[in-house]
$ cat protein_32.txt   # compact mmCIF, C-alpha atoms
# COMPACT_ATOMS: atom_id res chain seq x y z
CA MET R 100 16.01 13.54 48.35
CA THR R 101 19.38 12.04 49.32
CA THR R 102 22.16 12.68 46.84
CA ILE R 103 23.83 9.49 45.59
CA HIS R 104 27.62 9.53 45.23
CA ILE R 105 29.08 7.82 42.14
CA ASP R 106 32.61 7.54 40.81
CA ILE R 107 33.71 8.73 37.38
CA ALA R 108 33.71 5.18 35.97
CA THR R 109 30.03 4.84 36.88
CA ALA R 110 29.24 8.23 35.35
CA ARG R 111 30.91 7.15 32.12
CA ALA R 112 29.10 3.81 32.12
CA LEU R 113 25.73 5.50 32.65
CA HIS R 114 26.44 7.84 29.75
CA LEU R 115 27.51 5.00 27.47
CA ALA R 116 24.48 2.94 28.47
CA ALA R 117 22.22 5.84 27.54
CA GLN R 118 24.01 6.14 24.20
CA GLY R 119 23.77 2.41 23.40
CA LEU R 120 27.48 1.80 23.96
CA LEU R 121 27.51 -0.25 27.16
CA ARG R 122 27.78 -3.67 25.52
CA PRO R 123 28.63 -4.88 22.00
CA PRO R 124 25.73 -5.84 19.70
CA GLN R 125 24.25 -9.16 20.77
CA ARG R 126 22.74 -10.07 17.39
CA LYS R 127 22.75 -9.11 13.73
CA ALA R 128 21.24 -5.65 13.20
CA LYS R 129 17.79 -5.21 11.70
CA LYS R 130 16.31 -2.18 9.97
CA ALA R 131 14.26 -1.26 13.05
CA ASP R 132 17.47 -1.08 15.10
CA VAL R 133 18.58 1.98 13.10
CA LEU R 134 15.49 3.92 14.14
CA SER R 135 15.73 2.67 17.72
CA ALA R 136 19.35 3.82 17.98
CA ILE R 137 18.44 7.29 16.73
CA GLN R 138 15.50 7.51 19.11
CA ARG R 139 17.84 6.55 21.97
CA MET R 140 20.31 9.31 21.01
CA ALA R 141 17.45 11.70 20.09
CA LEU R 142 19.60 13.20 17.31
CA LEU R 143 21.94 11.89 14.62
CA GLN R 144 24.23 14.60 13.29
CA ILE R 145 24.77 14.82 9.54
CA ASP R 146 28.13 15.46 7.90
CA THR R 147 29.14 14.77 4.30
CA ILE R 148 32.89 14.03 4.68
CA SER R 149 33.51 10.55 3.28
CA VAL R 150 37.18 9.62 3.77
CA VAL R 151 35.63 6.83 5.82
CA ALA R 152 31.88 6.22 6.02
CA ARG R 153 29.96 9.46 6.43
CA SER R 154 29.43 10.38 10.04
CA PRO R 155 25.77 9.35 10.51
CA TYR R 156 26.54 5.89 9.13
CA LEU R 157 29.60 5.57 11.36
CA VAL R 158 27.74 6.65 14.51
CA LEU R 159 25.21 3.88 13.87
CA TRP R 160 27.93 1.31 13.14
CA SER R 161 29.59 2.08 16.48
CA ARG R 162 26.37 0.96 18.18
CA LEU R 163 24.93 -1.66 15.82
CA GLY R 164 27.94 -3.27 14.20
CA HIS R 165 27.57 -4.39 10.59
CA TYR R 166 24.29 -3.09 9.11
CA ASP R 167 22.89 -1.93 5.79
CA THR R 168 23.43 1.84 5.45
CA GLN R 169 20.45 2.10 3.08
CA TRP R 170 18.18 1.59 6.08
CA LEU R 171 18.90 5.16 7.24
CA GLU R 172 17.68 6.72 3.99
CA GLN R 173 14.72 4.35 3.92
CA HIS R 174 13.57 5.56 7.33
CA LEU R 175 13.86 9.14 6.04
CA SER R 176 11.89 8.52 2.83
CA GLU R 177 9.27 6.50 4.72
CA GLY R 178 8.67 9.39 7.12
CA ALA R 179 10.06 7.93 10.34
CA LEU R 180 12.81 10.57 10.36
CA PHE R 181 13.09 14.19 9.27
CA GLU R 182 16.01 16.58 8.92
CA TYR R 183 16.49 19.89 10.63
CA TRP R 184 18.86 22.05 12.64
CA ALA R 185 18.93 20.48 16.11
CA HIS R 186 22.46 20.12 17.53
CA GLU R 187 23.59 20.95 14.00
CA ALA R 188 22.01 19.47 10.88
CA CYS R 189 20.52 16.23 12.18
CA PHE R 190 18.27 13.31 11.43
CA VAL R 191 15.53 13.50 14.06
CA PRO R 192 12.66 11.09 14.84
CA THR R 193 9.55 12.51 13.19
CA GLU R 194 7.59 12.42 16.44
CA ASP R 195 9.89 15.24 17.58
CA PHE R 196 9.04 17.58 14.70
CA ARG R 197 6.85 19.47 17.19
CA LEU R 198 9.91 20.31 19.30
CA LEU R 199 11.80 22.05 16.49
CA ARG R 200 8.87 23.63 14.66
CA HIS R 201 9.25 26.91 16.58
CA ARG R 202 12.72 27.35 15.07
CA MET R 203 11.20 27.11 11.61
CA LEU R 204 8.44 29.59 12.36
CA ASP R 205 10.87 32.08 13.89
CA PRO R 206 14.43 31.38 12.66
CA SER R 207 15.72 34.83 13.61
CA SER R 208 17.98 33.42 16.34
CA MET R 209 19.62 30.76 14.18
CA GLY R 210 22.65 32.77 13.12
CA TRP R 211 24.31 31.83 9.82
CA LYS R 212 21.71 29.12 9.23
CA HIS R 213 19.17 31.83 8.42
CA SER R 214 19.84 34.85 6.22
CA ALA R 215 17.01 37.34 6.52
CA ASN R 216 18.81 39.68 4.12
CA TRP R 217 19.07 37.00 1.44
CA ILE R 218 15.36 36.24 1.74
CA LYS R 219 14.48 39.93 1.59
CA MET R 220 16.64 40.49 -1.49
CA HIS R 221 15.36 37.43 -3.34
CA GLN R 222 11.81 37.06 -2.03
CA ALA R 223 10.22 36.96 -5.48
CA ASP R 224 12.55 34.24 -6.74
CA ILE R 225 12.15 32.25 -3.52
CA ASN R 226 8.37 32.42 -3.79
CA LYS R 227 8.60 31.35 -7.42
CA LEU R 228 10.77 28.35 -6.49
CA LEU R 229 8.38 27.35 -3.69
CA LYS R 230 5.45 27.47 -6.10
CA HIS R 231 7.42 25.40 -8.64
CA VAL R 232 7.99 22.66 -6.05
CA ALA R 233 4.36 22.76 -4.90
CA VAL R 234 3.10 22.35 -8.47
CA ASN R 235 5.75 20.11 -10.03
CA GLY R 236 7.01 18.03 -7.15
CA PRO R 237 10.33 17.41 -5.37
CA VAL R 238 13.60 18.97 -6.57
CA GLN R 239 17.32 18.71 -5.93
CA SER R 240 19.89 21.45 -6.09
CA LYS R 241 21.43 19.78 -9.13
CA ASP R 242 18.18 20.32 -11.05
CA PHE R 243 19.25 23.96 -11.43
CA ALA R 244 22.22 24.77 -13.65
CA ARG R 245 24.83 27.25 -12.51
CA ALA R 246 24.74 30.45 -14.54
CA GLU R 247 26.95 30.30 -17.62
CA GLY R 248 30.43 31.63 -17.05
CA THR R 249 30.40 31.03 -13.28
CA LYS R 250 32.08 28.28 -11.33
CA GLY R 251 31.84 27.21 -7.72
CA SER R 252 34.93 27.83 -5.65
CA GLY R 253 34.10 26.26 -2.30
CA TRP R 254 31.65 24.57 0.03
CA TRP R 255 29.59 27.69 0.71
CA ASP R 256 29.82 29.09 -2.82
CA TRP R 257 26.30 27.90 -3.58
CA LYS R 258 24.33 28.85 -6.67
CA PRO R 259 21.30 31.03 -5.88
CA GLU R 260 18.79 28.21 -6.19
CA LYS R 261 20.67 26.15 -3.59
CA ARG R 262 20.57 29.09 -1.20
CA HIS R 263 16.86 29.57 -1.94
CA LEU R 264 16.20 25.90 -1.16
CA GLU R 265 18.13 26.12 2.09
CA ALA R 266 16.25 29.28 3.07
CA LEU R 267 12.95 27.52 2.47
CA PHE R 268 14.23 24.51 4.41
CA THR R 269 15.28 26.61 7.41
CA THR R 270 11.94 28.43 7.49
CA GLY R 271 10.10 25.12 7.34
CA LYS R 272 8.35 25.65 4.02
CA LEU R 273 10.34 22.82 2.44
CA MET R 274 11.51 19.58 4.03
CA VAL R 275 13.90 16.87 2.95
CA ALA R 276 11.67 14.18 1.49
CA GLU R 277 14.53 11.77 0.80
CA ARG R 278 18.20 11.59 -0.10
CA ARG R 279 19.63 10.32 -3.37
CA SER R 280 23.34 9.52 -3.28
CA PHE R 281 23.22 11.42 0.02
CA GLN R 282 21.98 14.58 -1.76
CA ARG R 283 18.90 16.29 -0.38
CA VAL R 284 15.59 16.04 -2.22
CA TYR R 285 13.27 18.88 -1.19
CA ASP R 286 9.48 18.89 -1.17
CA VAL R 287 6.81 21.11 0.38
CA THR R 288 6.19 20.42 4.04
CA GLU R 289 2.50 19.73 3.44
CA ARG R 290 3.37 16.68 1.33
CA VAL R 291 6.23 15.39 3.49
CA LEU R 292 4.23 15.73 6.71
CA PRO R 293 0.55 15.84 5.69
CA GLN R 294 -0.64 14.88 9.17
CA TRP R 295 0.88 17.97 10.83
CA SER R 296 -1.17 21.01 11.88
CA ASP R 297 0.44 24.01 13.58
CA ALA R 298 -2.89 25.02 15.06
CA ARG R 299 -3.54 21.58 16.52
CA ASP R 300 -0.10 20.06 17.19
CA LEU R 301 2.31 22.86 18.13
CA PRO R 302 3.28 22.94 21.83
CA SER R 303 4.14 26.19 23.56
CA PRO R 304 7.79 27.28 23.24
CA ALA R 305 8.29 26.67 26.97
CA ASN R 306 6.89 23.13 26.77
CA ALA R 307 8.95 22.32 23.69
CA ARG R 308 12.10 23.60 25.38
CA MET R 309 11.41 21.55 28.52
CA GLU R 310 10.84 18.43 26.46
CA MET R 311 14.19 18.94 24.70
CA ILE R 312 15.84 19.23 28.11
CA ARG R 313 14.17 15.94 29.13
CA LYS R 314 15.38 14.25 25.97
CA SER R 315 18.89 15.61 26.47
CA CYS R 316 18.97 14.16 29.98
CA ARG R 317 17.75 10.79 28.75
CA ALA R 318 20.27 10.72 25.91
CA LEU R 319 23.17 11.74 28.15
CA GLY R 320 22.32 9.36 31.00
CA VAL R 321 24.20 11.49 33.50
CA VAL R 322 24.06 15.25 33.07
CA LYS R 323 25.46 18.44 34.57
CA PRO R 324 23.71 21.79 34.13
CA GLN R 325 26.46 23.12 31.86
CA TRP R 326 25.97 20.19 29.46
CA VAL R 327 22.24 20.60 28.92
CA ALA R 328 21.99 23.45 26.42
CA ASP R 329 24.50 22.04 23.94
CA TYR R 330 22.58 18.92 22.95
CA TYR R 331 19.81 20.79 21.09
CA ARG R 332 21.69 24.11 20.99
CA LEU R 333 19.16 25.61 23.40
CA ARG R 334 19.42 29.20 24.54
CA LEU R 335 19.14 28.81 28.29
CA SER R 336 20.03 32.38 29.13
CA GLY R 337 20.12 33.62 32.69
CA ARG R 338 22.22 32.41 35.58
CA GLY R 339 20.91 29.16 37.01
CA LYS R 340 18.27 28.62 34.34
CA ALA R 341 19.56 25.15 33.43
CA ASP R 342 19.92 24.28 37.12
CA SER R 343 16.35 25.36 37.76
CA ALA R 344 15.00 23.26 34.89
CA LEU R 345 16.88 20.20 36.11
CA TYR R 346 15.68 20.61 39.69
CA ASP R 347 12.12 20.91 38.39
CA LEU R 348 12.66 17.47 36.85
CA VAL R 349 14.03 16.23 40.17
CA ASP R 350 10.83 17.45 41.85
CA SER R 351 8.72 15.61 39.28
CA GLY R 352 10.70 12.40 39.82
CA GLU R 353 12.26 12.35 36.36
CA LEU R 354 15.83 12.99 37.50
CA ILE R 355 17.87 11.58 40.39
CA PRO R 356 20.47 13.94 41.94
CA VAL R 357 23.96 12.48 42.15
CA ARG R 358 27.43 13.74 42.99
CA VAL R 359 30.33 12.52 40.87
CA ASP R 360 33.43 11.97 42.98
CA GLY R 361 35.97 14.71 42.46
CA SER R 362 33.44 17.18 41.09
CA VAL R 363 31.73 20.02 42.94
CA ALA R 364 29.06 20.51 40.26
CA ASP R 365 25.53 19.19 40.61
CA ALA R 366 24.81 16.15 38.48
CA PHE R 367 21.69 14.18 37.66
CA VAL R 368 20.78 10.75 36.34
CA HIS R 369 17.59 10.13 34.41
CA SER R 370 15.17 7.97 36.40
CA GLU R 371 15.03 5.53 33.48
CA TYR R 372 18.50 4.41 34.57
CA HIS R 373 17.66 3.81 38.25
CA ASP R 374 18.31 0.07 37.89
CA LEU R 375 21.73 0.78 36.38
CA LEU R 376 22.57 2.85 39.46
CA GLU R 377 21.71 -0.21 41.54
CA LEU R 378 24.06 -2.34 39.43
CA ALA R 379 26.77 0.29 39.82
CA ALA R 380 26.39 0.16 43.61
CA HIS R 381 27.38 -3.53 43.41
CA GLY R 382 30.23 -2.94 40.96
CA GLN R 383 28.33 -4.57 38.10
CA LEU R 384 28.01 -1.65 35.66
CA LYS R 385 30.89 -1.65 33.22
CA SER R 386 31.12 -0.98 29.50
CA THR R 387 32.63 -3.85 27.51
CA VAL R 388 32.56 -2.06 24.16
CA THR R 389 35.65 -1.28 22.12
CA THR R 390 34.84 0.66 18.98
CA LEU R 391 35.75 3.66 16.84
CA LEU R 392 33.67 6.83 17.13
CA SER R 393 32.83 9.45 14.54
CA PRO R 394 34.14 12.96 15.23
CA PHE R 395 30.45 13.94 15.27
CA ASP R 396 29.32 11.24 17.70
CA PRO R 397 27.22 12.59 20.59
CA VAL R 398 29.77 11.13 23.01
CA VAL R 399 32.42 13.62 21.83
CA TRP R 400 30.60 16.42 19.99
CA ASP R 401 30.63 18.63 23.12
CA ARG R 402 34.34 19.26 23.67
CA LYS R 403 33.88 20.49 27.24
CA ARG R 404 31.74 17.49 28.20
CA ALA R 405 34.23 15.05 26.64
CA ALA R 406 37.00 16.67 28.67
CA ASP R 407 34.97 16.66 31.88
CA LEU R 408 33.58 13.15 31.59
CA PHE R 409 36.37 11.29 29.77
CA ASP R 410 39.39 13.53 30.37
CA PHE R 411 39.62 13.64 26.57
CA ASP R 412 40.67 16.85 24.86
CA TYR R 413 39.22 16.58 21.37
CA ARG R 414 38.95 19.04 18.56
CA ILE R 415 37.62 18.24 15.10
CA GLU R 416 40.44 19.17 12.73
CA CYS R 417 38.87 18.55 9.31
CA TYR R 418 38.02 22.26 9.11
CA THR R 419 41.50 23.28 10.29
CA PRO R 420 44.17 24.15 7.68
CA ALA R 421 46.47 21.16 7.19
CA PRO R 422 49.63 22.82 8.62
CA LYS R 423 47.80 23.52 11.88
CA ARG R 424 46.43 20.00 12.44
CA VAL R 425 47.83 18.06 15.36
CA TYR R 426 46.38 14.60 14.71
CA GLY R 427 44.90 14.55 11.21
CA TYR R 428 41.98 15.32 8.90
CA PHE R 429 39.25 12.95 10.12
CA VAL R 430 40.37 11.54 13.44
CA LEU R 431 38.27 8.84 15.11
CA PRO R 432 38.26 8.57 18.92
CA ILE R 433 38.90 5.05 20.23
CA LEU R 434 36.41 4.02 22.91
CA SER R 435 37.46 0.97 24.93
CA ARG R 436 35.75 -0.49 27.99
CA GLY R 437 34.39 2.78 29.32
CA LYS R 438 37.36 5.00 28.48
CA ILE R 439 38.47 6.95 25.44
CA VAL R 440 41.96 5.55 25.10
CA GLY R 441 43.19 7.15 21.90
CA ARG R 442 42.43 8.38 18.41
CA LEU R 443 43.34 7.44 14.87
CA ASP R 444 43.47 9.12 11.48
CA ALA R 445 41.84 6.75 9.00
CA LYS R 446 41.04 6.61 5.31
CA ALA R 447 39.08 3.93 3.45
CA HIS R 448 40.54 3.17 0.02
CA ARG R 449 37.42 1.41 -1.18
CA ALA R 450 38.53 0.70 -4.76
CA GLN R 451 41.71 -0.98 -3.49
CA GLY R 452 39.96 -2.69 -0.57
CA VAL R 453 42.37 -1.18 1.95
CA PHE R 454 41.54 0.54 5.23
CA GLU R 455 44.47 2.81 6.03
CA ILE R 456 45.42 3.89 9.54
CA LYS R 457 47.64 6.87 8.78
CA ALA R 458 48.44 7.39 12.43
CA LEU R 459 47.24 6.07 15.78
CA TYR R 460 47.75 7.88 19.07
CA LEU R 461 47.12 6.59 22.58
CA GLU R 462 46.16 8.98 25.36
CA PRO R 463 48.73 9.82 28.05
CA ASN R 464 48.84 7.31 30.92
CA VAL R 465 47.02 4.59 28.97
CA ASN R 466 48.43 1.23 30.00
CA THR R 467 49.30 -0.60 26.79
CA THR R 468 48.25 -4.17 27.50
CA LYS R 469 47.80 -7.21 25.31
CA ARG R 470 44.04 -7.00 25.88
CA LEU R 471 43.96 -3.37 24.78
CA ALA R 472 45.97 -4.21 21.67
CA ALA R 473 43.57 -7.03 20.80
CA ASP R 474 40.53 -4.83 21.48
CA ILE R 475 41.79 -2.00 19.26
CA HIS R 476 42.86 -4.33 16.49
CA GLY R 477 39.47 -6.03 16.60
CA ALA R 478 37.62 -2.70 16.36
CA ILE R 479 39.75 -1.59 13.41
CA SER R 480 39.28 -4.92 11.64
CA ARG R 481 35.50 -4.82 12.09
CA CYS R 482 35.35 -1.25 10.82
CA ALA R 483 37.49 -2.15 7.80
CA SER R 484 35.28 -5.13 7.00
CA TRP R 485 32.12 -3.01 7.22
CA HIS R 486 33.73 -0.61 4.71
CA GLY R 487 34.24 -3.54 2.33
CA CYS R 488 38.01 -3.47 2.87
CA THR R 489 39.82 -6.80 3.14
CA GLY R 490 43.13 -5.35 4.30
CA VAL R 491 44.34 -2.88 6.93
CA LYS R 492 47.43 -0.75 6.33
CA PHE R 493 49.10 0.74 9.41
CA GLY R 494 51.21 3.86 9.30
CA SER R 495 52.50 5.54 12.47
CA ILE R 496 51.52 3.53 15.55
CA PRO R 497 52.90 3.44 19.12
CA ARG R 498 55.77 0.97 19.37
CA ASP R 499 54.41 -0.97 22.36
CA LEU R 500 50.99 -1.31 20.73
CA LYS R 501 52.58 -2.50 17.50
CA ARG R 502 54.65 -5.08 19.39
CA LEU R 503 51.61 -6.43 21.24
CA MET R 504 49.58 -6.67 18.05
CA GLY R 505 52.35 -8.96 16.77
CA SER R 506 51.58 -10.52 13.43
CA ASN R 507 48.21 -8.77 13.38
CA HIS R 508 49.60 -5.30 12.52
$ encode --input "protein_32.txt" --output "structure tokens"
Amino acid sequence: MTTIHIDIATARALHLAAQGLLRPPQRKAKKADVLSAIQRMALLQIDTISVVARSPYLVLWSRLGHYDTQWLEQHLSEGALFEYWAHEACFVPTEDFRLLRHRMLDPSSMGWKHSANWIKMHQADINKLLKHVAVNGPVQSKDFARAEGTKGSGWWDWKPEKRHLEALFTTGKLMVAERRSFQRVYDVTERVLPQWSDARDLPSPANARMEMIRKSCRALGVVKPQWVADYYRLRLSGRGKADSALYDLVDSGELIPVRVDGSVADAFVHSEYHDLLELAAHGQLKSTVTTLLSPFDPVVWDRKRAADLFDFDYRIECYTPAPKRVYGYFVLPILSRGKIVGRLDAKAHRAQGVFEIKALYLEPNVNTTKRLAADIHGAISRCASWHGCTGVKFGSIPRDLKRLMGSNH
């Protein structure tokens, strides 16, 4: 098969098309659009930080515009989605439970997410808790009081029952049946997914792994071998193993080999996007979206891929001690017309109705034009409105950008 040559702008556009970020929303979002967006991405990463909307809500807003955040939890409680460790903790379409089930049945390779020692030490109490849920119904961590005289001192300083619940969740004996105020509600897997049968429905590990590679390729649009494993955190050990899997998909007609100008690495485009390649050949494939991205958006969650594809060096700093942060606590990348042009540190003051931009930074060599200023201001205003904020407060902002925003800043 002849290798097609594409430029970096086309590679970016193909990726953004696959992610649902090629064009702005064309109509008001509906509940079904939330599920469709997650199915397109394959995974929606979960994070609980709420200085602006929590990450899964923000990822969906970037693609759908204004929508009702309750729709996400409704899809979970109605069984269209489930939660598990995929890239990290993620909402995943329920039809893909089969792909992650092997991790539940053998979680030994899941690192800190699975503590065999904890389970061994507390097996009796864990079994007792599992039986309690099976007999009495769903529970939350808050249903169990912390022992008298003890006090939590941090995120991971969980009371024993919370650790028991998480152990049962990781081993697939409990699932998240719903969320209440974004807190997990656990129930036995047999009630959350009564239609599932390991004996009947479980694919082989090799088939599950290959299907996750397929889904990664579809979600990425354009893919290089070194990007494949990260999407589902696959262990593709052995030199050339990812390359081999991708060329198997080329042989089956599922991937199209391409060469991105300026890169010596093999690259591939999912066959679903063949028509977009045709548009690109005629200069008609361009992203027209300007929006703000979550730090946990699939577009940027792989730091190496973001650097390779967008020339964007991005590190999530919310887990970095404040004195060592370069840009801020919860910094949102700014995507504009196929490029990541900057980042901003934002905070939603919901009670006051103010969306604060503590600082905004443009990337080196970004040409500060009136159109860019209008695009960025529009994205910030839409995000503020979706947060229920009627005003935007700007802190540190590049002088030229501030001047071009004029009375809008």
$ closest_atom_pairs --input "protein_32.txt" --of "region 261-360 of chain R" --to "region 197-213 of chain R" --cutoff "9 Å" --atoms "all atoms listed in the file" --output "CSV"
residue,atom,partner,partner_atom,distance
R:Glu265,CA,R:Lys212,CA,8.5
R:Ala266,CA,R:His213,CA,6.6
R:Phe268,CA,R:Met203,CA,8.2
R:Thr269,CA,R:Met203,CA,5.9
R:Thr270,CA,R:Met203,CA,4.4
R:Gly271,CA,R:Met203,CA,4.8
R:Lys272,CA,R:Met203,CA,8.2
R:Trp295,CA,R:Arg197,CA,8.9
R:Asp297,CA,R:Arg200,CA,8.5
R:Asp300,CA,R:Arg197,CA,7.0
R:Leu301,CA,R:Arg197,CA,5.7
R:Pro302,CA,R:Arg197,CA,6.8
R:Ser303,CA,R:His201,CA,8.7
R:Pro304,CA,R:His201,CA,6.8
R:Asn306,CA,R:Leu198,CA,8.5
R:Ala307,CA,R:Leu198,CA,4.9
R:Arg308,CA,R:Leu198,CA,7.3
R:Glu310,CA,R:Leu198,CA,7.5
R:Met311,CA,R:Leu198,CA,7.0
$ atom_distance --input "protein_32.txt" --atom1 "CA of Arg502 (chain R)" --atom2 "CA of Leu443 (chain R)"
17.5 Å
$ atom_distance --input "protein_32.txt" --atom1 "CA of Gly427 (chain R)" --atom2 "CA of Tyr156 (chain R)"
20.4 Å
$ closest_residue --input "protein_32.txt" --among "R:Leu121, R:Leu229, R:Val440, R:Val425" --to "Thr467 (chain R)" --atoms "all atoms listed in the file"
R:Val440
$ closest_residue --input "protein_32.txt" --among "R:Ile475, R:Leu113, R:Ala215, R:Met274" --to "Leu175 (chain R)" --atoms "only C-alpha atoms"
R:Met274
$ closest_residue --input "protein_32.txt" --among "R:Val232, R:Leu319, R:Ala244, R:Ile355" --to "Val284 (chain R)" --atoms "all atoms listed in the file"
R:Val232
$ closest_residue --input "protein_32.txt" --among "R:His104, R:Leu348, R:Arg262, R:Asp396" --to "Met140 (chain R)" --atoms "only C-alpha atoms"
R:Asp396
$ atom_distance --input "protein_32.txt" --atom1 "CA of Ser154 (chain R)" --atom2 "CA of Pro394 (chain R)"
7.5 Å
$ residues_around --input "protein_32.txt" --residues "Leu461 (chain R)" --least-positions-apart "6" --cutoff "8 Å" --atoms "only C-alpha atoms" --output "ChimeraX atom specification"
/R:440-442,497
$ decode --input "protein_32.txt" --residues "region 294-307 of chain R" --atoms "N, CA and C atoms" --output "PDB file, in the first residue's frame"
ATOM      1  N   GLN R 294     -26.822  -8.601  33.062  1.00  0.00           N
ATOM      2  CA  GLN R 294     -26.772  -9.326  31.784  1.00  0.00           C
ATOM      3  C   GLN R 294     -25.408  -9.919  31.491  1.00  0.00           C
ATOM      4  N   TRP R 295     -24.389  -9.598  32.313  1.00  0.00           N
ATOM      5  CA  TRP R 295     -23.026 -10.042  32.022  1.00  0.00           C
ATOM      6  C   TRP R 295     -22.766 -11.461  32.522  1.00  0.00           C
ATOM      7  N   SER R 296     -22.016 -12.230  31.726  1.00  0.00           N
ATOM      8  CA  SER R 296     -21.559 -13.563  32.130  1.00  0.00           C
ATOM      9  C   SER R 296     -20.112 -13.729  31.700  1.00  0.00           C
ATOM     10  N   ASP R 297     -19.204 -13.940  32.663  1.00  0.00           N
ATOM     11  CA  ASP R 297     -17.803 -14.156  32.307  1.00  0.00           C
ATOM     12  C   ASP R 297     -17.659 -15.352  31.369  1.00  0.00           C
ATOM     13  N   ALA R 298     -18.371 -16.409  31.672  1.00  0.00           N
ATOM     14  CA  ALA R 298     -18.243 -17.634  30.875  1.00  0.00           C
ATOM     15  C   ALA R 298     -18.699 -17.416  29.440  1.00  0.00           C
ATOM     16  N   ARG R 299     -19.698 -16.603  29.260  1.00  0.00           N
ATOM     17  CA  ARG R 299     -20.277 -16.409  27.921  1.00  0.00           C
ATOM     18  C   ARG R 299     -19.678 -15.215  27.177  1.00  0.00           C
ATOM     19  N   ASP R 300     -19.378 -14.123  27.900  1.00  0.00           N
ATOM     20  CA  ASP R 300     -19.113 -12.838  27.256  1.00  0.00           C
ATOM     21  C   ASP R 300     -17.656 -12.385  27.250  1.00  0.00           C
ATOM     22  N   LEU R 301     -16.784 -13.046  28.004  1.00  0.00           N
ATOM     23  CA  LEU R 301     -15.418 -12.562  28.149  1.00  0.00           C
ATOM     24  C   LEU R 301     -14.561 -12.941  26.945  1.00  0.00           C
ATOM     25  N   PRO R 302     -13.983 -11.959  26.228  1.00  0.00           N
ATOM     26  CA  PRO R 302     -13.077 -12.296  25.131  1.00  0.00           C
ATOM     27  C   PRO R 302     -11.731 -12.749  25.680  1.00  0.00           C
ATOM     28  N   SER R 303     -10.893 -13.283  24.829  1.00  0.00           N
ATOM     29  CA  SER R 303      -9.549 -13.643  25.264  1.00  0.00           C
ATOM     30  C   SER R 303      -8.773 -12.361  25.569  1.00  0.00           C
ATOM     31  N   PRO R 304      -7.757 -12.438  26.428  1.00  0.00           N
ATOM     32  CA  PRO R 304      -6.943 -11.243  26.693  1.00  0.00           C
ATOM     33  C   PRO R 304      -6.366 -10.637  25.419  1.00  0.00           C
ATOM     34  N   ALA R 305      -5.915 -11.473  24.487  1.00  0.00           N
ATOM     35  CA  ALA R 305      -5.327 -10.965  23.247  1.00  0.00           C
ATOM     36  C   ALA R 305      -6.359 -10.221  22.408  1.00  0.00           C
ATOM     37  N   ASN R 306      -7.579 -10.752  22.327  1.00  0.00           N
ATOM     38  CA  ASN R 306      -8.627 -10.089  21.554  1.00  0.00           C
ATOM     39  C   ASN R 306      -9.059  -8.785  22.203  1.00  0.00           C
ATOM     40  N   ALA R 307      -9.145  -8.779  23.538  1.00  0.00           N
ATOM     41  CA  ALA R 307      -9.504  -7.553  24.246  1.00  0.00           C
ATOM     42  C   ALA R 307      -8.447  -6.482  24.022  1.00  0.00           C
TER      43      ALA R 307
END
